[in-house]
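What's in data_28.txt: compact mmCIF, C-alpha atoms and all ligand atoms
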# COMPACT_ATOMS: atom_id res chain seq x y z
CA MET A 138 164.47 203.22 -29.05
CA ASN A 139 164.37 199.45 -29.23
CA GLN A 140 166.92 197.45 -31.21
CA ASN A 141 164.86 197.35 -34.40
CA GLN A 142 164.35 201.11 -34.27
CA LEU A 143 168.12 201.54 -33.86
CA LYS A 144 168.72 199.27 -36.86
CA GLU A 145 166.28 201.26 -38.97
CA ALA A 146 167.84 204.57 -37.87
CA VAL A 147 171.34 203.45 -38.78
CA ALA A 148 170.12 202.11 -42.11
CA GLN A 149 168.66 205.54 -42.87
CA ALA A 150 172.01 207.14 -41.98
CA ALA A 151 173.69 204.81 -44.46
CA VAL A 152 171.16 205.66 -47.16
CA ASP A 153 171.82 209.38 -46.63
CA TYR A 154 175.56 208.71 -46.89
CA VAL A 155 175.33 206.44 -49.94
CA LEU A 156 173.22 209.00 -51.81
CA THR A 157 176.22 211.36 -51.67
CA LYS A 158 178.44 208.70 -53.29
CA ILE A 159 176.38 207.34 -56.18
CA ASP A 160 175.14 208.36 -59.59
CA ASP A 161 172.81 206.69 -62.06
CA GLY A 162 175.57 204.34 -63.22
CA SER A 163 176.54 203.12 -59.77
CA ILE A 164 176.34 199.59 -58.44
CA ILE A 165 175.69 199.27 -54.72
CA GLY A 166 176.84 196.20 -52.80
CA ILE A 167 174.17 194.94 -50.44
CA GLY A 168 174.83 192.88 -47.33
CA THR A 169 172.81 190.34 -45.43
CA GLY A 170 170.86 190.32 -42.20
CA SER A 171 168.20 192.32 -40.41
CA THR A 172 170.09 195.64 -40.47
CA ALA A 173 170.88 195.18 -44.17
CA ASN A 174 167.19 194.41 -44.72
CA TYR A 175 166.27 197.84 -43.33
CA PHE A 176 168.83 199.35 -45.69
CA ILE A 177 167.26 197.52 -48.64
CA ASP A 178 163.78 198.81 -47.78
CA LEU A 179 165.03 202.38 -47.43
CA ILE A 180 167.35 202.50 -50.46
CA ALA A 181 164.47 201.10 -52.52
CA LEU A 182 162.83 204.52 -52.20
CA HIS A 183 165.75 205.85 -54.30
CA LYS A 184 166.05 202.98 -56.79
CA HIS A 185 166.08 205.25 -59.83
CA LYS A 186 169.24 207.01 -58.59
CA PHE A 187 171.57 204.03 -59.25
CA GLN A 188 171.99 201.32 -61.86
CA GLY A 189 171.61 198.29 -59.66
CA THR A 190 173.12 196.12 -56.97
CA VAL A 191 175.18 193.07 -56.20
CA ALA A 192 174.07 191.03 -53.21
CA SER A 193 175.96 188.98 -50.64
CA SER A 194 173.21 186.36 -50.35
CA GLU A 195 170.31 184.83 -52.21
CA ALA A 196 168.00 186.16 -49.46
CA SER A 197 169.11 189.75 -50.03
CA ALA A 198 168.93 189.28 -53.81
CA ASP A 199 165.34 188.06 -53.52
CA LYS A 200 164.40 191.03 -51.34
CA LEU A 201 166.02 193.47 -53.77
CA ARG A 202 164.21 191.95 -56.74
CA ALA A 203 160.92 192.14 -54.83
CA HIS A 204 161.51 195.91 -54.66
CA GLY A 205 162.12 195.99 -58.42
CA ILE A 206 165.84 196.62 -57.99
CA GLN A 207 168.19 194.97 -60.48
CA VAL A 208 170.66 192.47 -59.02
CA PHE A 209 173.78 191.82 -61.10
CA GLU A 210 176.13 188.85 -61.03
CA LEU A 211 179.34 190.09 -59.43
CA ASN A 212 181.33 188.71 -62.39
CA SER A 213 179.50 191.04 -64.75
CA VAL A 214 180.31 194.16 -62.74
CA ALA A 215 183.57 196.10 -63.03
CA GLU A 216 183.09 198.35 -60.03
CA VAL A 217 181.05 198.44 -56.84
CA THR A 218 180.86 202.00 -55.54
CA VAL A 219 180.00 201.14 -51.98
CA TYR A 220 179.14 198.04 -49.95
CA VAL A 221 176.72 198.35 -47.03
CA ASP A 222 176.38 195.59 -44.45
CA GLY A 223 175.84 194.87 -40.78
CA ALA A 224 178.12 193.10 -38.32
CA ASP A 225 177.96 190.84 -35.31
CA GLU A 226 180.80 192.69 -33.55
CA ALA A 227 182.82 195.82 -34.36
CA ASN A 228 185.84 197.19 -32.49
CA PRO A 229 187.44 200.66 -32.57
CA HIS A 230 189.75 199.61 -35.44
CA LEU A 231 186.57 198.79 -37.39
CA GLU A 232 187.62 195.16 -37.42
CA LEU A 233 184.52 193.00 -37.46
CA ILE A 234 183.10 189.59 -36.78
CA LYS A 235 180.50 188.73 -39.39
CA GLY A 236 178.68 185.64 -40.55
CA GLY A 237 175.86 185.28 -38.04
CA GLY A 238 173.66 184.93 -41.10
CA ALA A 239 176.06 182.43 -42.73
CA ALA A 240 176.80 184.79 -45.64
CA LEU A 241 180.39 185.60 -44.63
CA THR A 242 182.14 184.36 -47.77
CA ARG A 243 180.03 186.31 -50.24
CA GLU A 244 180.17 189.29 -47.88
CA LYS A 245 183.95 189.17 -47.90
CA ILE A 246 184.04 188.85 -51.68
CA VAL A 247 181.79 191.85 -52.26
CA THR A 248 183.79 193.82 -49.70
CA ALA A 249 186.97 192.99 -51.61
CA VAL A 250 185.52 194.41 -54.81
CA ALA A 251 183.88 197.51 -53.33
CA ASP A 252 185.55 200.91 -53.30
CA GLU A 253 184.24 201.51 -49.79
CA PHE A 254 182.77 199.30 -47.04
CA VAL A 255 180.13 201.02 -44.93
CA CYS A 256 179.24 199.03 -41.83
CA ILE A 257 175.94 199.67 -40.07
CA ALA A 258 175.18 198.42 -36.59
CA ASP A 259 173.29 199.14 -33.42
CA GLU A 260 175.25 199.81 -30.23
CA SER A 261 174.93 196.20 -29.00
CA LYS A 262 177.54 195.24 -31.62
CA TRP A 263 180.23 197.66 -30.37
CA VAL A 264 183.03 195.94 -28.40
CA ASP A 265 186.50 196.86 -27.20
CA TYR A 266 187.78 193.39 -28.12
CA LEU A 267 186.44 190.92 -30.65
CA GLY A 268 185.58 187.36 -29.75
CA THR A 269 182.56 187.17 -27.47
CA PHE A 270 180.41 186.44 -30.53
CA PRO A 271 181.38 182.94 -31.77
CA LEU A 272 183.49 183.28 -34.91
CA PRO A 273 181.78 181.73 -37.97
CA VAL A 274 184.00 179.67 -40.26
CA GLU A 275 182.68 178.37 -43.60
CA VAL A 276 184.06 174.92 -44.43
CA ILE A 277 183.88 172.46 -47.30
CA PRO A 278 181.56 169.69 -46.03
CA MET A 279 184.08 166.81 -46.19
CA ALA A 280 186.62 168.92 -44.22
CA ARG A 281 184.30 169.77 -41.31
CA SER A 282 185.84 167.45 -38.69
CA TYR A 283 189.42 168.13 -39.78
CA VAL A 284 188.97 171.90 -39.71
CA ALA A 285 187.27 171.60 -36.31
CA ARG A 286 190.26 169.69 -34.90
CA GLU A 287 192.65 172.34 -36.26
CA LEU A 288 190.53 175.12 -34.73
CA VAL A 289 190.79 173.37 -31.35
CA LYS A 290 194.60 173.49 -31.75
CA LEU A 291 194.28 177.27 -32.17
CA GLY A 292 192.45 177.41 -28.83
CA GLY A 293 188.87 177.54 -30.08
CA ASP A 294 185.81 175.46 -29.34
CA PRO A 295 184.08 174.92 -32.70
CA VAL A 296 180.39 174.03 -32.84
CA TRP A 297 178.82 172.80 -36.07
CA ARG A 298 175.80 174.98 -37.00
CA GLU A 299 173.72 171.94 -37.82
CA GLY A 300 171.03 172.25 -40.47
CA VAL A 301 172.64 175.30 -42.07
CA VAL A 302 174.00 175.08 -45.62
CA THR A 303 175.48 178.25 -47.06
CA ASP A 304 174.56 179.70 -50.44
CA ASN A 305 177.81 178.11 -51.63
CA GLY A 306 176.78 174.61 -50.48
CA ASN A 307 179.13 174.57 -47.50
CA LEU A 308 178.86 174.25 -43.70
CA ILE A 309 179.43 176.64 -40.81
CA LEU A 310 181.47 176.07 -37.65
CA ASP A 311 180.89 178.65 -34.91
CA VAL A 312 184.08 178.93 -32.93
CA HIS A 313 183.70 179.88 -29.27
CA GLY A 314 186.50 181.16 -27.08
CA LEU A 315 188.77 182.50 -29.82
CA TYR A 316 189.78 185.99 -28.76
CA PRO A 317 192.19 187.66 -31.21
CA THR A 318 194.01 189.44 -28.38
CA GLY A 319 197.10 189.99 -30.54
CA SER A 320 196.63 190.70 -34.20
CA ALA A 321 193.19 189.95 -35.57
CA CYS A 322 194.77 189.97 -39.05
CA LYS A 323 197.11 187.14 -38.02
CA LEU A 324 194.26 185.02 -36.67
CA GLU A 325 192.23 185.68 -39.81
CA GLU A 326 195.17 184.44 -41.92
CA GLN A 327 195.85 181.43 -39.69
CA ILE A 328 192.28 180.19 -39.93
CA ASN A 329 192.15 180.76 -43.68
CA GLN A 330 195.25 178.58 -44.05
CA ILE A 331 193.53 175.51 -42.61
CA THR A 332 192.87 173.29 -45.61
CA GLY A 333 189.15 172.95 -46.21
CA THR A 334 188.35 176.39 -44.85
CA VAL A 335 186.56 178.61 -47.33
CA THR A 336 186.79 181.74 -45.23
CA ASN A 337 186.23 182.98 -41.71
CA GLY A 338 184.13 185.79 -40.30
CA LEU A 339 186.99 187.99 -39.12
CA PHE A 340 187.08 191.14 -41.23
CA ALA A 341 190.41 192.49 -40.02
CA ILE A 342 192.71 192.35 -43.05
CA LYS A 343 190.12 194.51 -44.80
CA PRO A 344 188.07 196.16 -42.06
CA ALA A 345 185.18 198.54 -42.59
CA ASP A 346 186.08 201.97 -43.92
CA ILE A 347 183.36 203.69 -41.98
CA LEU A 348 180.96 202.52 -39.28
CA PHE A 349 177.63 204.12 -38.50
CA LEU A 350 176.63 203.05 -35.01
CA ALA A 351 173.10 203.65 -33.75
CA THR A 352 173.05 204.61 -30.07
CA GLN A 353 170.34 205.95 -27.78
CA GLN A 354 172.08 209.33 -28.14
CA GLY A 355 171.96 209.26 -31.94
CA ILE A 356 174.09 208.01 -34.84
CA VAL A 357 177.82 207.97 -34.11
CA THR A 358 180.24 207.83 -37.07
CA HIS A 359 183.49 205.91 -36.61
CA THR A 360 186.36 205.82 -39.03
CA ALA A 361 189.31 203.46 -38.74
CA ASN A 362 191.73 204.47 -36.00
CA PRO A 363 194.56 201.92 -36.11
C1 LIG A 401 175.34 187.90 -42.01
C2 LIG A 401 176.07 188.95 -41.27
C3 LIG A 401 175.28 190.05 -40.67
O1 LIG A 401 175.78 191.27 -41.12
C4 LIG A 401 175.39 189.99 -39.17
O2 LIG A 401 175.02 188.70 -38.73
C5 LIG A 401 174.51 191.05 -38.50
O3 LIG A 401 173.17 190.72 -38.70
P1 LIG A 401 171.99 191.61 -38.15
O4 LIG A 401 172.02 192.89 -38.91
O5 LIG A 401 170.76 190.79 -38.39
O6 LIG A 401 172.23 191.84 -36.66
O7 LIG A 401 177.27 188.95 -41.12
O8 LIG A 401 176.18 186.85 -42.41
Encoded form (structure tokens):
Amino acid sequence: MNQNQLKEAVAQAAVDYVLTKIDDGSIIGIGTGSTANYFIDLIALHKHKFQGTVASSEASADKLRAHGIQVFELNSVAEVTVYVDGADEANPHLELIKGGGAALTREKIVTAVADEFVCIADESKWVDYLGTFPLPVEVIPMARSYVARELVKLGGDPVWREGVVTDNGNLILDVHGLYPTGSACKLEEQINQITGTVTNGLFAIKPADILFLATQQGIVTHTANP
């Protein structure tokens, strides 16, 4: 199978799983990216089995609406049954790097609200140690240079993702060379404490609850193994 076929296969696995969790009053959290897009197309076939969705990006919201699926404002929703999203890297603790699509802040917010975070990825995303994929950091525009200098002090090499403005009106720094060899939670906290940082793409303090990984041998299910 090629990478797109793996993404579609893992999205189908997530649909099968989500269908066991929802009822007609459920709200599903929907992530962002090409794997999440496959999930949207496949869950759309079951759109009458849940109430609606919340989305982690305007792009995903538009795609959901195009399928005739209701998209709620997160503030108007009391509970999100399950959140389904891809990742740029995932390790055996189900800690993730996310934000390749610049949606990391809304992704982290929806994850925080959701009862369960289901991560879906093809095998290219599976790593023993996080950090080969440059870590996205969303910053307030006027703080870009300051935050970049602070990230250098932490040992990283930040690169401004020029031309990209997030759905929140902010900028992205992609930080190369930051390997959370100790505690990924500590690095996530340290970066968040830099004034002007909105959030960073480490999902370690709240990792995925379950990861479906598409491999050439089939779908492998991982649960957190700290
Ligand atoms: C977007 C994300 C995506 O989940 C991540 O970039 C993976 O994307 P894809 O499924 O296209 O490989 O974090 O901000």
In Å to one decimal, how far is atom O6 of ligand LIG 401 (chain A) from atom CA of A:Ala258?
7.2 Å
Using only C-alpha atoms, determine which residues lie at most 10 Å from A:Leu350, disregarding the query and same-chain residues fewer than 6 positions distant; provide the list as a list in words.
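Non-adjacent residues within range: Leu143, Lys144, Ala146, Val147, Ala148, Ala150, Ala227, Cys256, Ile257, Ala258, Asp259, Glu260, Ser261, Lys262, Trp263, Ile356, Val357, Thr358 and His359 of chain A.
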When you count all atoms listed in the file, which of these residues is closest to ligand LIG 401 (chain A): A:Gly189, A:Pro271, A:Gly205, A:Pro278?
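Closest candidate: A:Pro271.
Distances here use only C-alpha atoms; by that measure, the residue among A:Leu315, A:Val208, A:Val302, A:Val219 closest to A:Ala239 is A:Val302.
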Let me see if you get this right: every residue at most 8 Å from ligand LIG 401 (chain A), counting only C-alpha atoms and all ligand atoms, written as a PyMOL selection string.
chain A and resi 144+168-174+222-225+234-241+244+257-258+338
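From atom CA of A:Thr190 back to atom CA of A:Ala341, the distance works out to 24.5 Å.
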Excluding A:Thr303 and its own-chain neighbours fewer than 5 positions away, which residues fall within 12 Å of it when counting all atoms listed in the file? Please give them as a JSON list (two decimals) with C-alpha atoms, keeping the file's coordinate frame.
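Saved result, result36.json, follows:
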[["chain", "number", "residue", "atom", "x", "y", "z"],
["A", 193, "SER", "CA", 175.96, 188.98, -50.64],
["A", 194, "SER", "CA", 173.21, 186.36, -50.35],
["A", 195, "GLU", "CA", 170.31, 184.83, -52.21],
["A", 196, "ALA", "CA", 168.00, 186.16, -49.46],
["A", 236, "GLY", "CA", 178.68, 185.64, -40.55],
["A", 237, "GLY", "CA", 175.86, 185.28, -38.04],
["A", 238, "GLY", "CA", 173.66, 184.93, -41.10],
["A", 239, "ALA", "CA", 176.06, 182.43, -42.73],
["A", 240, "ALA", "CA", 176.80, 184.79, -45.64],
["A", 241, "LEU", "CA", 180.39, 185.60, -44.63],
["A", 242, "THR", "CA", 182.14, 184.36, -47.77],
["A", 243, "ARG", "CA", 180.03, 186.31, -50.24],
["A", 273, "PRO", "CA", 181.78, 181.73, -37.97],
["A", 274, "VAL", "CA", 184.00, 179.67, -40.26],
["A", 275, "GLU", "CA", 182.68, 178.37, -43.60],
["A", 276, "VAL", "CA", 184.06, 174.92, -44.43],
["A", 277, "ILE", "CA", 183.88, 172.46, -47.30],
["A", 278, "PRO", "CA", 181.56, 169.69, -46.03],
["A", 298, "ARG", "CA", 175.80, 174.98, -37.00],
["A", 308, "LEU", "CA", 178.86, 174.25, -43.70],
["A", 309, "ILE", "CA", 179.43, 176.64, -40.81],
["A", 310, "LEU", "CA", 181.47, 176.07, -37.65],
["A", 335, "VAL", "CA", 186.56, 178.61, -47.33],
["A", 336, "THR", "CA", 186.79, 181.74, -45.23]]
Which residues, written as a list in words, have at least one atom at most 12 Å from A:Met279, with all atoms listed in the file counted and residues fewer than 4 positions away on the same chain left out?
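Selected residues are Glu275, Tyr283, Val284, Ala285, Gly306, Asn307, Leu308, Thr332, Gly333 and Thr334 of chain A.
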Go through A:Glu210, A:Glu287, A:Asp199, A:Glu145 one by one, measure the shortest atom-to-atom distance of each to A:Gln330 using only C-alpha atoms, and give the residue with the smallest value.
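Looking only at the distances to A:Gln330, the closest residue turns out to be A:Glu287.
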